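J.: Take this structure first; my questions come after.
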Amino acid sequence: MKSRHILFASAMAAATFGCSSSTTDGAETTTTEAVATDELQQKVDTYTSVRLTTDLSHLSGNEKKMIPLLIEASDVMNKLFWYEAYGKGDSLLAALDNEAARKYVQINYGPWDRLSNNEPFIPGVGPKPDGANFYPADMTKEEFEQANLPDKTSQYTFLRRDAGGSLITVPYHVQFKEEVQRVASLLQQAAALAEDAGLKKYLTLRAEAMLTDNYQPSDLAWMDMKTNKLDIVIGPIETYEDKLFGYKAAHEAYVLVKDMEWSERLSKYAAFLPELQQGLPVPAKYKTETPGTDSDLNAYDVVYYAGDANAGSKTIAINLPNDEEVQLKKGTRRLQLKNAMQAKFDKIMEPIADELIAEDQQQYVTFDAFFANTMFHEVAHGLGIKNTLNNKGTVREALKEHASALEEGKADILGLYMITQLQEKGEVEGDLKEYYTTFLAGIFRSVRFGAASAHGKANMVRFNFFKDNGAFERDEATGKYKVNYDKMREAMNKLSEKILTLQGNGDYAGVGSLLNEQGQISPQLQADLDRLSKANIPVDIVFEQGIEVLGLQQ
């Protein structure tokens with residue numbers, strides 16, 4: 001797989017971007033180059049740049065010394081994710097002498113457009129393998145299922161072939177031996193500087209985890225941290241990149257500075273999870289699990305993204321750990337990335353609302369509602385069910401490559417359900433019209449990520465479900481959308497029940513049908529989304545980030 005991509009990319013570079021033709025069709029070649037460059041520059045321009053900064057004045061001297069170490073460790077995740085998503089990224093980048101091509105390849109960690117269903121944007125490159133680089137390119141699902149390899153479904157192994165062509169597994173810590181040793185050393189150095197006991201323990205255990213692929217002890221320690229001002233999420237975490245089975249986790253990192261004041265304001269909401277679980281609009285057997293009550297809800301400013309987190313559309317909130325055993329024992333931590341969230345609202349959400357939301361409802365699109373919708377999306381991951389009711393294992397195992405998209409859809413819709421319930425209890429301020437209208441504007445923002453994204457597909461399912469149930473209507477004269485608040489609430493409850501039932505039943509075929517039938521962008525919606533592009537509204541953000549941006553260089 002890797003050599004094929006490199007050869008295609010090299011041939012492309014010679015034929016399209018870097019040639020100085022001496023043939024009679026040189027003028028035509030130059031024109032082709034200009035067109036290709038313009039198209040790629042337009043793709044680059046769909047992202048707007050944001051400086052990742054925050055106030056560090058409240059940090060101690062040791063904490064300020066820790067940040068460069070954490071950023072250096074995080075930067076290694078870029079190399080590991082490149083390998084997982086593509087292969088030898090350096091070879092691809094070296095074959096390109098067009099700056100726009102290089103930039104867009106770097107944004108996407110490969111030659112496939114993450115905002116356009118992973119379509120190749122480099123001439124000669126074939127479709128992206130569903131299994132990315134986690135599996136041999138010629139491996140079939142049937143071959144995988146028949147292989148007698150106990151750790152083949154582990155989140156932390158690659159599938160490779162031995163000299164005889166048989167499938168074998170290679171643990172991440174073996175494949176990346178030198179890199180994880182470097183990361184472990186940096187995390188240990190940071191631990192030595194840590195003044196918070198919980199953070200020191202977590203960093204020490206996370207360093208060990210990088211060397212062994214045993215992440216549960218560090219996940220448990222991470223959940224026990226309560227008073228730390230700094231945080232780092234690092235390692236192989238989400239399985240979105242593996243679209244073949246959804247088994248393999250990809251490497252990423254976030255370096256975070258906690259907003260202590262905002263976190264204190266948010267801390268009360270996790271306590272409502274058990275009560276909200278019991279009120280879910282689904283039969284009782286689908287809500288017998290009790291959400292962990294140790295769950296945390298915190299706000300942070302993020303100062304560095306790397307790897308999977310930095311590829312294509314950028315995450316603005318996190319819900320971790322993904323380990324179901326840790327979730328049931330400790331709950332999860334929901335991290336709201338406040339500075340990145342504000343940037344997306346200012347540069348993307350408000351302009352989208354001006355273009356696509358009815359004028360008399362634009363007033364209801366607010367940052368507070370955007371923050372709450374995003375926050376409760378993460379909280380809602382803790383609701384529902386983690387294990388199937390019919391001995392099919394965990395929901396993740398039963399739904400395989402469909403699990404991520406359906407889980408994101410669940411979190412979105414149950415997040416809105418939580419807001420509705422808590423607002424009626426007087427625990428959430430503001431008018432429900434703000435949350436519902438901002439929710440619709442948020443769908444337009446997210447479906448622009450394309451159906452290749454688990455979040456994008458989840459948003460399309462919800463958009464089409466809401467449309468079929470009259471939750472909004474489109475004015476043909478203005479091309480703008482107006483929320484029907486009563487019908488949106490009805491559709492919210494109806495979709496919540498459908499998703500929770502599919503998860504509890506481990507209904508792989510049913511989820512596949514839902515995603516295939518409802519996860520498509522209609523010509524009308526695509527035309528409306530094209531209006532956003534014509535209005536030069538960015539699709540997402542890229543970052544100026546690092547120790548220089550933070551003013552921490554030596």
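For the structure tokens, the naming scheme is as follows: chains receive sequential letters (A, B, ...) according to their order of presentation, residues are indexed from 1 within each chain, and ligands are indexed from 1 in presentation order.
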Could you give me, as a PyMOL selection string, each residue of region 398-525 of chain A that DSSP assigns to alpha helix (DSSP H) when run on this structure's backbone?
T.: chain A and resi 398-399+403-424+432-447+454-468+485-505+508-518+523-525
J.: Using only C-alpha atoms, determine which residues lie at most 10 Å from region 183-198 of chain A, disregarding the query and same-chain residues fewer than 4 positions distant; provide the list as number ranges by chain.
T.: A: 60-77, 178-179, 202-211, 221-230, 232, 234-235
J.: Would you output that residue set with C-alpha atoms, as an mmCIF file, in the first residue's frame?
T.:
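Output below, filename part-v6.cif:
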data_model
loop_
_atom_site.group_PDB
_atom_site.id
_atom_site.type_symbol
_atom_site.label_atom_id
_atom_site.label_comp_id
_atom_site.auth_asym_id
_atom_site.auth_seq_id
_atom_site.Cartn_x
_atom_site.Cartn_y
_atom_site.Cartn_z
ATOM 1 C CA SER A 60 3.823 28.257 38.582
ATOM 2 C CA GLY A 61 7.362 28.243 37.239
ATOM 3 C CA ASN A 62 7.432 24.444 37.165
ATOM 4 C CA GLU A 63 4.115 24.288 35.339
ATOM 5 C CA LYS A 64 5.414 26.647 32.676
ATOM 6 C CA LYS A 65 8.486 24.399 32.313
ATOM 7 C CA MET A 66 6.233 21.378 31.861
ATOM 8 C CA ILE A 67 4.371 22.744 28.845
ATOM 9 C CA PRO A 68 7.294 22.526 26.355
ATOM 10 C CA LEU A 69 7.920 18.926 27.471
ATOM 11 C CA LEU A 70 4.265 18.046 26.954
ATOM 12 C CA ILE A 71 4.226 19.736 23.551
ATOM 13 C CA GLU A 72 7.367 17.862 22.475
ATOM 14 C CA ALA A 73 5.810 14.555 23.548
ATOM 15 C CA SER A 74 2.615 15.467 21.714
ATOM 16 C CA ASP A 75 4.485 16.276 18.536
ATOM 17 C CA VAL A 76 5.614 12.632 18.319
ATOM 18 C CA MET A 77 1.930 11.725 17.901
ATOM 19 C CA GLU A 178 11.909 4.294 19.557
ATOM 20 C CA GLU A 179 9.111 6.843 19.431
ATOM 21 C CA TYR A 202 -1.041 10.169 35.845
ATOM 22 C CA LEU A 203 2.006 11.280 33.868
ATOM 23 C CA THR A 204 4.091 8.494 35.405
ATOM 24 C CA LEU A 205 1.510 5.830 34.571
ATOM 25 C CA ARG A 206 0.907 7.251 31.097
ATOM 26 C CA ALA A 207 4.631 7.006 30.399
ATOM 27 C CA GLU A 208 4.496 3.321 31.369
ATOM 28 C CA ALA A 209 1.393 2.808 29.208
ATOM 29 C CA MET A 210 3.168 4.133 26.122
ATOM 30 C CA LEU A 211 5.758 1.373 26.587
ATOM 31 C CA ALA A 221 -5.421 7.717 37.459
ATOM 32 C CA TRP A 222 -6.523 10.384 34.987
ATOM 33 C CA MET A 223 -10.081 10.143 36.293
ATOM 34 C CA ASP A 224 -8.788 10.544 39.862
ATOM 35 C CA MET A 225 -7.129 13.898 39.058
ATOM 36 C CA LYS A 226 -9.201 16.788 40.416
ATOM 37 C CA THR A 227 -6.973 19.780 41.240
ATOM 38 C CA ASN A 228 -4.514 19.853 38.319
ATOM 39 C CA LYS A 229 -4.087 23.081 36.332
ATOM 40 C CA LEU A 230 -2.388 21.345 33.391
ATOM 41 C CA ILE A 232 -2.467 16.204 28.532
ATOM 42 C CA ILE A 234 -1.975 11.538 24.703
ATOM 43 C CA GLY A 235 -1.800 8.086 23.133
#
J.: Tell me, as a list of chain:residue names, which residues lie within 12 Å of Glu143 (chain A), counting only C-alpha atoms; anything in the same chain fewer than 3 positions away does not count.
T.: A:Tyr135, A:Pro136, A:Asp138, A:Met139, A:Thr140, A:Gln146, A:Ala147, A:Asn148, A:Leu149, A:Lys152, A:Leu159, A:Arg161, A:Gly165, A:Ser166, A:Leu167, A:Ile168
J.: Closest to Asp97 (chain A) among A:Asn78, A:Thr332, A:Gln42, A:Thr37, using only C-alpha atoms?
T.: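 Of A:Asn78, A:Thr332, A:Gln42, A:Thr37, the one nearest Asp97 (chain A), counting only C-alpha atoms, is A:Thr37.
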J.: Smallest atom-to-atom distance to Lys43 (chain A): which of A:Val105, A:Ala372, A:Met418, A:Ala380, using only C-alpha atoms?
T.: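 Checking each of A:Val105, A:Ala372, A:Met418, A:Ala380 against Lys43 (chain A), counting only C-alpha atoms, the winner is A:Val105.
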J.: Would you mind telling me which residue in A:Val233, A:Ile541, A:Leu356, A:Ile385 lies nearest to Leu525 (chain A) when using only C-alpha atoms?
T.: A:Leu356
J.: Please measure the separation of CA of Phe144 (chain A) and CA of Ala398 (chain A), giving the value in Å to one decimal.
T.: 16.0 Å
J.: Write down as a PyMOL selection string the residues belonging to region 310-388 of chain A that are assigned strand (DSSP E) by DSSP computed on the backbone.
T.: chain A and resi 317-320+333-337
J.: Would you please work out which residue, of A:Ile352, A:Thr388, A:Glu99, A:Phe466, is nearest to Lys285 (chain A) when using only C-alpha atoms?
T.: A:Thr388
J.: Can you tell me which residues surround region 425-440 of chain A at a distance of at most 6 Å, considering only C-alpha atoms, apart from same-chain residues fewer than 4 positions away, and format the answer as a list of chain:residue names?
T.: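 Contacts, in chain order: A:Tyr364, A:Val365, A:Ala369.
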J.: How many Å lie between CA of Asn387 (chain A) and CA of Gly504 (chain A), rounded to one decimal?
T.: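 Result for CA of Asn387 (chain A) versus CA of Gly504 (chain A): 6.9 Å, one decimal.
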J.: Would you mind telling me which residue in A:His402, A:His58, A:Arg531, A:Lys480 lies nearest to Leu514 (chain A) when using only C-alpha atoms?
T.: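 The closest residue to Leu514 (chain A) is A:His402.
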J.: Find the residues around Gln518 (chain A) up to 10 Å (only C-alpha atoms counted), leave out those fewer than 2 positions away in its own chain, and share them as a count of residues only.
T.: 17
J.: Which residues are near Gly456 (chain A)? Cut-off 10 Å, only C-alpha atoms, ignore same chain within fewer than 2 positions. Put them as a PyMOL selection string.
T.: chain A and resi 115+117+313+405+408-409+443-454+458-462+519-520
